[in-house]
Structure formats: structure tokens, C-alpha cells
$ cat structure-v9.txt   # compact mmCIF, C-alpha atoms
# COMPACT_ATOMS: atom_id res chain seq x y z
CA LYS A 23 23.58 -134.89 16.23
CA LEU A 24 22.24 -137.38 13.75
CA CYS A 25 23.63 -140.23 15.89
CA ARG A 26 21.99 -138.88 18.96
CA THR A 27 18.61 -138.71 17.44
CA ARG A 28 19.06 -142.18 16.02
CA SER A 29 20.02 -143.73 19.38
CA ILE A 30 17.12 -142.06 21.04
CA SER A 31 14.70 -143.25 18.47
CA ARG A 32 15.84 -146.89 18.55
CA PRO A 33 14.74 -147.82 22.05
CA ALA A 34 11.46 -146.25 21.30
CA GLN A 35 11.13 -148.51 18.30
CA VAL A 36 12.16 -151.69 20.21
CA GLY A 37 10.14 -150.73 23.20
CA GLY A 38 7.34 -149.99 20.91
CA ARG A 39 6.40 -153.57 20.09
CA PRO A 40 5.94 -155.07 23.57
CA GLN A 41 4.36 -151.86 24.64
CA ALA A 42 1.97 -152.31 21.82
CA ARG A 43 1.19 -155.78 23.21
CA PHE A 44 0.53 -154.41 26.67
CA LEU A 45 -1.61 -151.77 25.26
CA SER A 46 -3.52 -154.44 23.37
CA GLY A 47 -4.76 -155.57 26.86
CA ASP A 48 -3.48 -159.18 26.86
CA ARG A 49 -1.93 -159.04 30.35
CA ASP A 50 -1.92 -162.83 30.99
CA THR A 51 0.23 -163.66 27.99
CA ALA A 52 2.67 -160.94 28.99
CA ALA A 53 2.84 -162.21 32.59
CA ALA A 54 3.31 -165.79 31.40
CA ALA A 55 6.01 -164.64 29.02
CA ALA A 56 7.77 -162.82 31.86
CA LYS A 57 7.59 -165.95 34.09
CA LEU A 58 8.97 -168.13 31.34
CA LYS A 59 11.76 -165.68 30.78
CA LEU A 60 12.57 -165.76 34.53
CA ARG A 61 12.46 -169.55 34.67
CA THR A 62 14.69 -169.81 31.62
CA ARG A 63 17.09 -167.34 33.15
CA LEU A 64 17.13 -169.24 36.46
CA LEU A 65 17.68 -172.52 34.67
CA VAL A 66 20.51 -171.12 32.64
CA THR A 67 22.12 -169.64 35.76
CA VAL A 68 21.81 -172.89 37.69
CA LEU A 69 23.21 -174.94 34.82
CA PHE A 70 26.05 -172.51 34.33
CA GLY A 71 26.82 -172.32 38.07
CA GLY A 72 26.49 -176.07 38.40
CA SER A 73 28.89 -176.73 35.58
CA LEU A 74 31.37 -174.24 37.03
CA LEU A 75 31.21 -176.10 40.34
CA GLY A 76 31.57 -179.39 38.53
CA VAL A 77 34.67 -178.23 36.71
CA TRP A 78 36.16 -176.84 39.91
CA TRP A 79 35.48 -180.08 41.78
CA TYR A 80 37.00 -182.17 39.00
CA VAL A 81 40.15 -180.03 38.85
CA HIS A 82 40.42 -180.21 42.63
CA ALA A 83 40.07 -184.01 42.65
CA GLU A 84 42.67 -184.33 39.89
CA ARG A 85 45.09 -182.15 41.82
CA GLU A 86 44.59 -184.20 45.00
CA GLN A 87 45.29 -187.40 43.11
CA LYS A 88 48.37 -185.92 41.51
CA LEU A 89 49.71 -184.79 44.91
CA GLN A 90 49.05 -188.26 46.31
CA ARG A 91 50.92 -189.90 43.43
CA GLN A 92 53.84 -187.52 43.81
CA ARG A 93 54.03 -188.25 47.52
CA VAL A 94 53.98 -192.02 47.00
CA GLU A 95 56.70 -191.63 44.37
CA GLN A 96 58.84 -189.55 46.74
CA LEU A 97 58.43 -192.11 49.52
CA ARG A 98 59.22 -194.89 47.10
CA GLN A 99 62.50 -193.18 46.29
CA VAL A 100 63.30 -192.86 49.98
CA ALA A 101 62.93 -196.63 49.85
CA LEU A 102 62.42 -197.45 53.50
CA GLY A 103 61.60 -200.97 54.55
CA GLN A 104 63.17 -202.64 51.55
CA GLY A 105 64.89 -205.29 53.55
CA THR A 106 63.66 -208.19 55.60
CA PHE A 107 63.53 -208.66 59.33
CA SER A 108 63.50 -211.78 61.46
CA LEU A 109 62.11 -211.32 64.94
CA VAL A 110 60.21 -213.18 67.64
CA ASP A 111 56.63 -212.22 68.47
CA HIS A 112 55.07 -211.89 71.92
CA THR A 113 53.95 -215.54 71.86
CA GLY A 114 57.49 -216.72 71.21
CA ARG A 115 56.86 -217.48 67.54
CA ARG A 116 59.49 -216.47 64.99
CA ARG A 117 58.20 -214.03 62.39
CA THR A 118 59.86 -212.60 59.32
CA LYS A 119 58.75 -209.75 57.11
CA ARG A 120 57.53 -212.30 54.57
CA ASP A 121 54.92 -213.50 57.06
CA PHE A 122 53.22 -210.12 56.80
CA LEU A 123 53.19 -209.83 53.00
CA GLY A 124 49.68 -209.72 51.68
CA SER A 125 48.50 -207.55 54.58
CA TRP A 126 48.40 -203.84 55.11
CA VAL A 127 50.60 -203.12 58.12
CA LEU A 128 50.78 -200.19 60.53
CA LEU A 129 54.11 -200.38 62.32
CA TYR A 130 55.38 -198.54 65.39
CA PHE A 131 58.79 -198.74 67.08
CA GLY A 132 58.87 -198.20 70.84
CA PHE A 133 59.68 -199.75 74.20
CA THR A 134 57.60 -200.95 77.13
CA HIS A 135 59.27 -198.73 79.74
CA CYS A 136 58.16 -195.66 77.81
CA PRO A 137 56.59 -193.00 80.11
CA ASP A 138 53.84 -191.63 77.90
CA ILE A 139 54.57 -191.37 74.19
CA CYS A 140 54.47 -195.07 73.26
CA PRO A 141 51.18 -195.79 75.08
CA ASP A 142 49.66 -192.70 73.46
CA GLU A 143 50.85 -193.65 69.98
CA LEU A 144 49.75 -197.27 70.41
CA ASP A 145 46.34 -196.11 71.63
CA LYS A 146 46.12 -193.94 68.54
CA LEU A 147 47.24 -196.78 66.30
CA SER A 148 44.68 -199.10 67.90
CA ALA A 149 41.93 -196.53 67.40
CA ALA A 150 42.89 -196.09 63.74
CA VAL A 151 42.81 -199.85 63.16
CA ALA A 152 39.48 -200.12 64.99
CA ALA A 153 38.05 -197.37 62.76
CA LEU A 154 39.22 -199.24 59.67
CA ASP A 155 37.82 -202.52 61.08
CA ARG A 156 34.35 -200.96 61.13
CA ASN A 157 34.37 -200.93 57.33
CA ALA A 158 33.79 -204.56 56.39
CA SER A 159 34.70 -204.02 52.75
CA LEU A 160 38.29 -203.08 53.59
CA PRO A 161 41.02 -205.66 54.20
CA PRO A 162 42.02 -205.98 57.89
CA VAL A 163 45.08 -203.97 58.90
CA GLN A 164 47.84 -205.65 60.89
CA PRO A 165 49.21 -203.48 63.73
CA LEU A 166 52.85 -204.22 64.66
CA PHE A 167 55.00 -203.05 67.54
CA ILE A 168 58.77 -203.54 67.31
CA THR A 169 60.85 -202.81 70.38
CA VAL A 170 63.88 -200.53 70.38
CA ASP A 171 64.86 -201.91 73.79
CA PRO A 172 65.63 -205.63 73.26
CA GLU A 173 67.67 -205.69 76.47
CA ARG A 174 64.55 -205.39 78.62
CA ASP A 175 61.70 -206.12 76.22
CA ASP A 176 61.75 -209.88 75.98
CA VAL A 177 58.80 -212.05 74.89
CA ALA A 178 57.17 -211.96 78.33
CA ALA A 179 57.49 -208.17 78.63
CA LEU A 180 55.95 -207.72 75.19
CA ALA A 181 53.08 -210.08 75.99
CA ARG A 182 52.28 -208.05 79.11
CA TYR A 183 52.43 -204.83 77.12
CA VAL A 184 50.49 -205.52 73.92
CA LYS A 185 47.40 -206.85 75.64
CA ASP A 186 46.47 -203.30 76.65
CA PHE A 187 46.03 -202.30 73.02
CA HIS A 188 44.31 -203.57 69.87
CA PRO A 189 43.62 -207.34 70.08
CA ARG A 190 45.45 -207.94 66.80
CA LEU A 191 48.57 -205.99 67.87
CA ILE A 192 51.67 -208.16 67.55
CA GLY A 193 54.78 -207.26 69.53
CA LEU A 194 58.17 -208.18 68.07
CA THR A 195 61.56 -208.51 69.67
CA GLY A 196 64.82 -210.41 69.16
CA THR A 197 68.52 -210.19 69.78
CA ALA A 198 70.15 -206.79 69.81
CA GLU A 199 71.44 -207.42 66.29
CA GLU A 200 68.06 -208.55 64.91
CA VAL A 201 66.31 -205.52 66.40
CA LYS A 202 68.98 -203.15 65.17
CA HIS A 203 68.66 -204.60 61.68
CA ALA A 204 64.88 -204.07 61.66
CA GLY A 205 65.26 -200.51 62.94
CA ARG A 206 67.93 -199.69 60.38
CA ASP A 207 65.61 -200.80 57.63
CA TYR A 208 63.17 -198.05 58.60
CA ARG A 209 65.92 -195.58 59.52
CA VAL A 210 64.65 -195.58 63.05
CA TYR A 211 66.81 -193.63 65.46
CA ALA A 212 67.09 -195.22 68.90
CA SER A 213 69.42 -194.22 71.70
CA PRO A 214 69.20 -195.61 75.24
CA GLY A 215 69.76 -192.93 77.85
CA PRO A 216 71.84 -193.13 81.00
CA LYS A 217 70.81 -195.76 83.57
CA ASP A 218 69.76 -194.59 87.00
CA GLU A 219 70.15 -196.34 90.39
CA ASP A 220 67.39 -198.81 89.52
CA GLY A 221 69.03 -199.62 86.23
CA ASP A 222 66.08 -197.94 84.56
CA TYR A 223 66.59 -195.81 81.47
CA ILE A 224 64.62 -194.11 78.74
CA VAL A 225 65.23 -194.84 75.07
CA ASP A 226 65.12 -191.78 72.89
CA HIS A 227 63.69 -192.84 69.52
CA THR A 228 61.93 -191.81 66.32
CA ILE A 229 58.22 -191.46 66.94
CA LEU A 230 56.47 -192.51 63.76
CA ILE A 231 53.79 -194.91 62.60
CA TYR A 232 54.67 -196.50 59.26
CA LEU A 233 52.16 -197.73 56.68
CA ILE A 234 53.33 -200.75 54.71
CA SER A 235 51.53 -202.10 51.66
CA PRO A 236 50.70 -205.78 51.05
CA ASP A 237 53.80 -205.86 48.81
CA GLY A 238 55.91 -204.98 51.84
CA LEU A 239 56.69 -201.51 50.58
CA PHE A 240 56.73 -198.44 52.75
CA LEU A 241 53.91 -196.17 51.56
CA ASP A 242 53.42 -193.48 54.18
CA TYR A 243 54.20 -192.36 57.71
CA TYR A 244 52.29 -190.54 60.46
CA ASN A 245 53.83 -188.40 63.18
CA ARG A 246 52.51 -187.39 66.60
CA MET A 247 50.41 -184.60 65.14
CA LYS A 248 48.23 -186.97 63.12
CA SER A 249 45.02 -188.10 64.81
CA ALA A 250 43.58 -191.61 64.62
CA GLU A 251 40.89 -190.39 62.17
CA GLN A 252 43.49 -188.78 59.94
CA ILE A 253 45.51 -191.97 59.89
CA ALA A 254 42.44 -194.09 59.12
CA ASP A 255 41.46 -191.70 56.31
CA SER A 256 44.94 -191.81 54.84
CA VAL A 257 45.08 -195.61 54.97
CA ARG A 258 41.68 -195.80 53.29
CA LYS A 259 42.88 -193.51 50.50
CA HIS A 260 45.99 -195.63 49.98
CA MET A 261 43.89 -198.79 49.89
CA GLU A 262 41.58 -197.29 47.27
CA SER A 263 44.37 -196.05 45.03
CA TYR A 264 46.53 -199.12 45.52
CA VAL A 265 47.55 -201.05 42.44
CA THR A 266 49.09 -204.49 43.01
CA LEU A 267 52.58 -204.72 41.60
CA MET B 137 62.21 -204.42 87.08
CA THR B 138 59.06 -204.92 85.03
CA ALA B 139 57.53 -202.06 83.16
CA PRO B 140 54.42 -200.45 84.65
CA ASN B 141 51.18 -201.94 83.35
CA SER B 142 48.22 -199.94 82.08
CA ALA B 143 46.75 -199.29 85.56
CA GLU B 144 50.12 -198.27 86.99
CA ARG B 145 50.76 -195.93 84.06
CA LYS B 146 47.42 -194.28 84.60
CA ALA B 147 48.05 -193.90 88.36
CA CYS B 148 51.38 -192.23 87.60
CA TRP B 149 49.89 -189.89 85.00
CA ASP B 150 47.08 -188.91 87.37
CA ALA B 151 49.58 -188.15 90.15
CA ARG B 152 51.61 -186.10 87.70
CA ASP B 153 48.52 -184.19 86.57
CA HIS B 154 47.56 -183.41 90.17
CA LEU B 155 51.06 -182.17 90.88
CA TRP B 156 51.14 -180.01 87.75
CA LYS B 157 47.74 -178.54 88.52
CA CYS B 158 48.91 -177.67 92.03
CA LEU B 159 52.06 -176.07 90.64
CA ASP B 160 50.00 -174.12 88.12
CA ASP B 161 47.72 -172.87 90.88
CA ASN B 162 50.57 -172.00 93.21
CA ASP B 163 52.91 -170.28 90.82
CA ASP B 164 55.27 -173.25 90.64
CA SER B 165 55.90 -173.18 94.38
CA VAL B 166 57.20 -176.66 95.15
CA ALA B 167 56.80 -176.07 98.88
CA SER B 168 53.03 -175.64 98.56
CA CYS B 169 52.72 -178.85 96.58
CA GLN B 170 54.94 -181.12 98.62
CA ARG B 171 52.11 -183.58 99.24
CA PHE B 172 51.49 -184.00 95.51
CA ARG B 173 55.18 -184.26 94.83
CA THR B 174 55.54 -187.13 97.31
CA GLU B 175 52.58 -188.95 95.79
CA PHE B 176 53.96 -188.40 92.29
CA GLU B 177 57.35 -189.81 93.26
CA ALA B 178 55.67 -192.79 94.89
CA LYS B 179 53.43 -193.65 91.97
CA CYS B 180 56.00 -193.24 89.19
CA PRO B 181 59.29 -194.96 88.43
CA ALA B 182 62.29 -192.75 89.17
CA GLN B 183 63.14 -192.40 85.48
CA TRP B 184 59.63 -191.18 84.74
CA VAL B 185 59.80 -188.64 87.57
CA LYS B 186 62.96 -187.22 86.02
CA TYR B 187 61.42 -187.34 82.54
CA PHE B 188 58.18 -185.60 83.50
CA THR B 189 60.01 -182.98 85.57
CA LYS B 190 62.18 -182.14 82.58
CA ARG B 191 59.10 -182.15 80.38
CA ARG B 192 57.37 -179.61 82.57
CA ASP B 193 60.43 -177.39 82.50
CA PHE B 194 60.45 -177.63 78.75
CA LEU B 195 56.74 -176.84 78.43
CA LYS B 196 57.12 -173.79 80.67
CA TYR B 197 60.12 -172.65 78.64
CA LYS B 198 58.17 -173.11 75.43
CA ASP B 199 55.27 -171.08 76.85
CA LYS B 200 57.65 -168.34 77.86
CA MET B 201 59.16 -168.24 74.38
CA GLN B 202 55.75 -168.05 72.81
CA THR B 203 54.45 -165.28 75.07
CA GLU B 204 57.55 -163.26 75.80
CA GLY B 205 59.44 -163.87 72.62
CA PHE B 206 62.98 -164.87 72.12
CA THR B 207 65.97 -162.63 72.76
CA PRO B 208 69.09 -164.07 71.18
CA ALA B 209 72.03 -164.38 73.51
CA GLN B 210 74.53 -161.57 73.32
CA GLY B 211 77.71 -162.62 71.69
CA PRO B 212 81.03 -162.32 73.49
CA GLN B 213 81.41 -158.74 74.58
CA GLY B 214 84.90 -157.50 74.54
CA SER B 215 87.19 -155.30 72.68
CA ARG B 216 88.59 -156.63 69.50
CA SER B 217 90.83 -154.66 67.33

$ encode --input "structure-v9.txt" --output "C-alpha cells"
Amino acid sequence: KLCRTRSISRPAQVGGRPQARFLSGDRDTAAAAAKLKLRTRLLVTVLFGGSLLGVWWYVHAEREQKLQRQRVEQLRQVALGQGTFSLVDHTGRRRTKRDFLGSWVLLYFGFTHCPDICPDELDKLSAAVAALDRNASLPPVQPLFITVDPERDDVAALARYVKDFHPRLIGLTGTAEEVKHAGRDYRVYASPGPKDEDGDYIVDHTILIYLISPDGLFLDYYNRMKSAEQIADSVRKHMESYVTL
Amino acid sequence: MTAPNSAERKACWDARDHLWKCLDDNDDSVASCQRFRTEFEAKCPAQWVKYFTKRRDFLKYKDKMQTEGFTPAQGPQGSRS
């Protein structure tokens, strides 16, 4: 009972003072005080909310970076593209892997008699490179096309084929052994199908675009589901986070 | 034989698309779409005709799986003691 009376009386006491001010008739000071209190409260809320957002964003960015590092590490362990290749380009010039060191490379394996997938993927690759070209501060990316069908894709066939895509696209071919060696390096699966009456056949093969760093190391890969913009974004991210060995 | 160039590829793909549209509109009745089929076979290398025909079969099968669901094949029925 004593407690009850005490708790009742307290608010009256606390409320008493400001009420006394109101009653004193100084409405402006009270209104100004109320506005200040509101502004302070707003400011505190915004600062608090802003810092929460900032912390969230920072944690998110850290997590993204960590995932990226883990992925690069995993791909490094898979260790594709460690070897060298020696092939002939679509102008008849011999090129080895060493010729492309120092450049970022986007590499695709395919064949010129391909019904739809290779032209689609090369269009996509060309669009990704064109998107990256638009940013003058980035190093130019070298698109490469290596055939999985050396029997039909000679230098002339490659020259006819690559001109329909990005102007910097280089086509590469060679002897069956040279081409097999290059494909093995990237664990590319390639299997020519049965020949028909015309001697025509389709080569079943891995459909991937590989990203290779200026050190010649395999950094990432992009399958059919990835769009040109996604590839360009990914390459940009790799370029930004790249540390020369 | 040289590979089709960009224009020839596009002509083949267009013929294929016309044929597939006709088949879609006519409930896959090849008889109704004979004209498109002939054009398709003329504009595309024989290997590509085979490839795209198989591809259409696959796409229809995939659609069917996605809409009707998959019923696993019954195992060998027979008495076993």
C-alpha cells in the first residue's frame, strides 16, 4: 500500500515541474524545447540506423571478398592450364601459351561446324570483351578460340570463322596431338560423333569459357548460364583483386 | 565441305524457328508443316537437321517432365521366391 501511494505520487512530482513551466505561460520556450528534443531524437535515430547499415555493409563486403578468395584458392588447387600449348593461329602464325602471358585471356574451345552453341558462346564472349573494352582504365582482354576439331578446322577455316566475332578474337589450331595437348591442359572433353553421308559430324565437347590471368593461371570459368554482363562483372572483379605473383 | 558462315547459320536457324513454330501451332503434326520441313532441310546441313530434330525432341521431353512429372520405370515384374 505504501509502495502504491509512492509510485502514484512520483509521476505527479516529475510531471509537476514542466507542468509548472507551462503554467508559467512561456509557451515558446516549451515548443522550442520540444522541437529540439525531436531533432535530437531524429539525429540519434539516423546516426544509429546509419551506423547499423554501415556495419552490415562492411560485413557483407568482407564476406563477399572471403568467398571470392576461397573460390580462387579452390580453382588454384584444381590447377587447370598449368602447362603450355603450341598452336597455329588463324593467320598461320605459331603461338605458344607464353605469347599470351601478360594479358588477361578469355578462352573458349569449340569447332566451326558447330550448329548453335559455339556461335552463341562466341557472341557472348565477344559481348563481354566489348563491355570490358568500354572501360579505358582496364587492361584489354584477349579472346581466344581453340578448336576441338583439328581434322576440319585448319587455318583457313578458322580465319573464315573468327571474323564474325570480336575483332581481337584469335583462332588456334594445330595437329591432332597439339590440339589434344591443349585440351587436356584444361580438362576439356571432346568427342567427335559419327560421320554421316557427307562426312559431316558434330563434336560433343565441354562448353565453358575460361578466364586466365596475366600469369597464365586459370582463375575462373563461365558456363552457358552466365550472361555477357555477368562475365564482364566477374572479370572486372578479378582484375581489381588481382595481385601479381 | 566448308562450315556454314554467319549468314548461312542465320538462314538455317530462321528456317528451324519457322518449322518449330509451325509444329507448335499444329500440335507437332509433321504433315501440316511439310513446307517448313523441306525449307529447313534445304537451308541446314544434314548433321544440323539431325541435331536440331533431336534437340526439339529433348526440349519436348523436358517440358513433359516438368509439367507432368516423372514416373520411375517399373522394375522387372515377375515372381521371385

$ atom_distance --input "structure-v9.txt" --atom1 "atom CA of A:Gln96" --atom2 "atom CA of A:Asn157"
29.0 Å

$ interface_residues --input "structure-v9.txt" --of "chain A" --to "chain B" --cutoff "9 Å" --atoms "only C-alpha atoms" --output "PyMOL selection string"
chain A and resi 134-138+141+174+179+182-183+186+217-224

$ atom_distance --input "structure-v9.txt" --atom1 "atom CA of A:Glu84" --atom2 "atom CA of A:Arg258"
17.7 Å

$ atom_distance --input "structure-v9.txt" --atom1 "atom CA of A:Asp207" --atom2 "atom CA of A:Phe107"
8.3 Å

$ residues_near_point --input "structure-v9.txt" --point "(49.4, -177.3, 94.5)" --cutoff "6 Å" --atoms "all atoms listed in the file" --output "list of chain:residue names"
B:Cys158, B:Leu159, B:Asp161, B:Asn162, B:Ser168, B:Cys169

$ residues_near_point --input "structure-v9.txt" --point "(65.8, -193.1, 53.5)" --cutoff "10 Å" --atoms "all atoms listed in the file" --output "list in words"
Leu97, Arg98, Gln99, Val100, Ala101, Leu102, Gly103, Arg206, Asp207, Tyr208, Arg209 and Val210 of chain A

$ write_last_selection --input "structure-v9.txt" --atoms "C-alpha atoms" --output "tab-separated table (two decimals), in the coordinates of the input"
chain	number	residue	atom	x	y	z
A	97	LEU	CA	58.43	-192.11	49.52
A	98	ARG	CA	59.22	-194.89	47.10
A	99	GLN	CA	62.50	-193.18	46.29
A	100	VAL	CA	63.30	-192.86	49.98
A	101	ALA	CA	62.93	-196.63	49.85
A	102	LEU	CA	62.42	-197.45	53.50
A	103	GLY	CA	61.60	-200.97	54.55
A	206	ARG	CA	67.93	-199.69	60.38
A	207	ASP	CA	65.61	-200.80	57.63
A	208	TYR	CA	63.17	-198.05	58.60
A	209	ARG	CA	65.92	-195.58	59.52
A	210	VAL	CA	64.65	-195.58	63.05

$ residues_around --input "structure-v9.txt" --residues "A:Phe122" --least-positions-apart "3" --cutoff "10 Å" --atoms "all atoms listed in the file" --output "PyMOL selection string"
chain A and resi 117-119+125-127+164+166+234-238

$ closest_residue --input "structure-v9.txt" --among "A:Tyr264, A:Phe133, A:Tyr244, A:Trp78" --to "A:Glu173" --atoms "only C-alpha atoms"
A:Phe133

$ closest_residue --input "structure-v9.txt" --among "A:Tyr80, A:Leu144, A:Gln90, A:Arg61" --to "A:Lys185" --atoms "all atoms listed in the file"
A:Leu144

$ residues_around --input "structure-v9.txt" --residues "B:Glu175" --least-positions-apart "3" --cutoff "9 Å" --atoms "only C-alpha atoms" --output "PyMOL selection string"
chain B and resi 148+151-152+155+170-172+178-180

$ decode --input "structure-v9.txt" --residues "stretch 47-62 of chain A" --atoms "N, CA and C atoms" --output "mmCIF file, in the first residue's frame"
data_model
loop_
_atom_site.group_PDB
_atom_site.id
_atom_site.type_symbol
_atom_site.label_atom_id
_atom_site.label_comp_id
_atom_site.auth_asym_id
_atom_site.auth_seq_id
_atom_site.Cartn_x
_atom_site.Cartn_y
_atom_site.Cartn_z
ATOM 1 N N GLY A 47 3.287 30.069 -18.464
ATOM 2 C CA GLY A 47 2.842 30.832 -19.627
ATOM 3 C C GLY A 47 3.910 30.963 -20.698
ATOM 4 N N ASP A 48 5.109 30.381 -20.530
ATOM 5 C CA ASP A 48 6.170 30.559 -21.525
ATOM 6 C C ASP A 48 6.064 29.448 -22.579
ATOM 7 N N ARG A 49 5.080 29.588 -23.480
ATOM 8 C CA ARG A 49 4.781 28.517 -24.443
ATOM 9 C C ARG A 49 5.909 28.360 -25.476
ATOM 10 N N ASP A 50 6.502 29.474 -25.912
ATOM 11 C CA ASP A 50 7.534 29.409 -26.963
ATOM 12 C C ASP A 50 8.727 28.571 -26.556
ATOM 13 N N THR A 51 9.192 28.803 -25.330
ATOM 14 C CA THR A 51 10.356 28.038 -24.858
ATOM 15 C C THR A 51 10.043 26.553 -24.833
ATOM 16 N N ALA A 52 8.798 26.259 -24.399
ATOM 17 C CA ALA A 52 8.396 24.845 -24.313
ATOM 18 C C ALA A 52 8.351 24.216 -25.714
ATOM 19 N N ALA A 53 7.788 25.002 -26.673
ATOM 20 C CA ALA A 53 7.684 24.470 -28.045
ATOM 21 C C ALA A 53 9.076 24.258 -28.639
ATOM 22 N N ALA A 54 9.953 25.254 -28.400
ATOM 23 C CA ALA A 54 11.322 25.141 -28.905
ATOM 24 C C ALA A 54 12.024 23.939 -28.293
ATOM 25 N N ALA A 55 11.778 23.770 -26.985
ATOM 26 C CA ALA A 55 12.397 22.630 -26.297
ATOM 27 C C ALA A 55 11.915 21.319 -26.900
ATOM 28 N N ALA A 56 10.602 21.271 -27.215
ATOM 29 C CA ALA A 56 10.036 20.044 -27.782
ATOM 30 C C ALA A 56 10.649 19.763 -29.165
ATOM 31 N N LYS A 57 10.826 20.859 -29.975
ATOM 32 C CA LYS A 57 11.404 20.698 -31.320
ATOM 33 C C LYS A 57 12.835 20.190 -31.221
ATOM 34 N N LEU A 58 13.579 20.776 -30.309
ATOM 35 C CA LEU A 58 14.968 20.379 -30.126
ATOM 36 C C LEU A 58 15.040 18.921 -29.749
ATOM 37 N N LYS A 59 14.129 18.556 -28.817
ATOM 38 C CA LYS A 59 14.114 17.160 -28.387
ATOM 39 C C LYS A 59 13.837 16.239 -29.586
ATOM 40 N N LEU A 60 12.895 16.657 -30.465
ATOM 41 C CA LEU A 60 12.543 15.841 -31.632
ATOM 42 C C LEU A 60 13.726 15.749 -32.582
ATOM 43 N N ARG A 61 14.380 16.905 -32.820
ATOM 44 C CA ARG A 61 15.521 16.924 -33.733
ATOM 45 C C ARG A 61 16.643 16.040 -33.202
ATOM 46 N N THR A 62 16.879 16.161 -31.897
ATOM 47 C CA THR A 62 17.931 15.323 -31.292
ATOM 48 C C THR A 62 17.580 13.865 -31.473
#
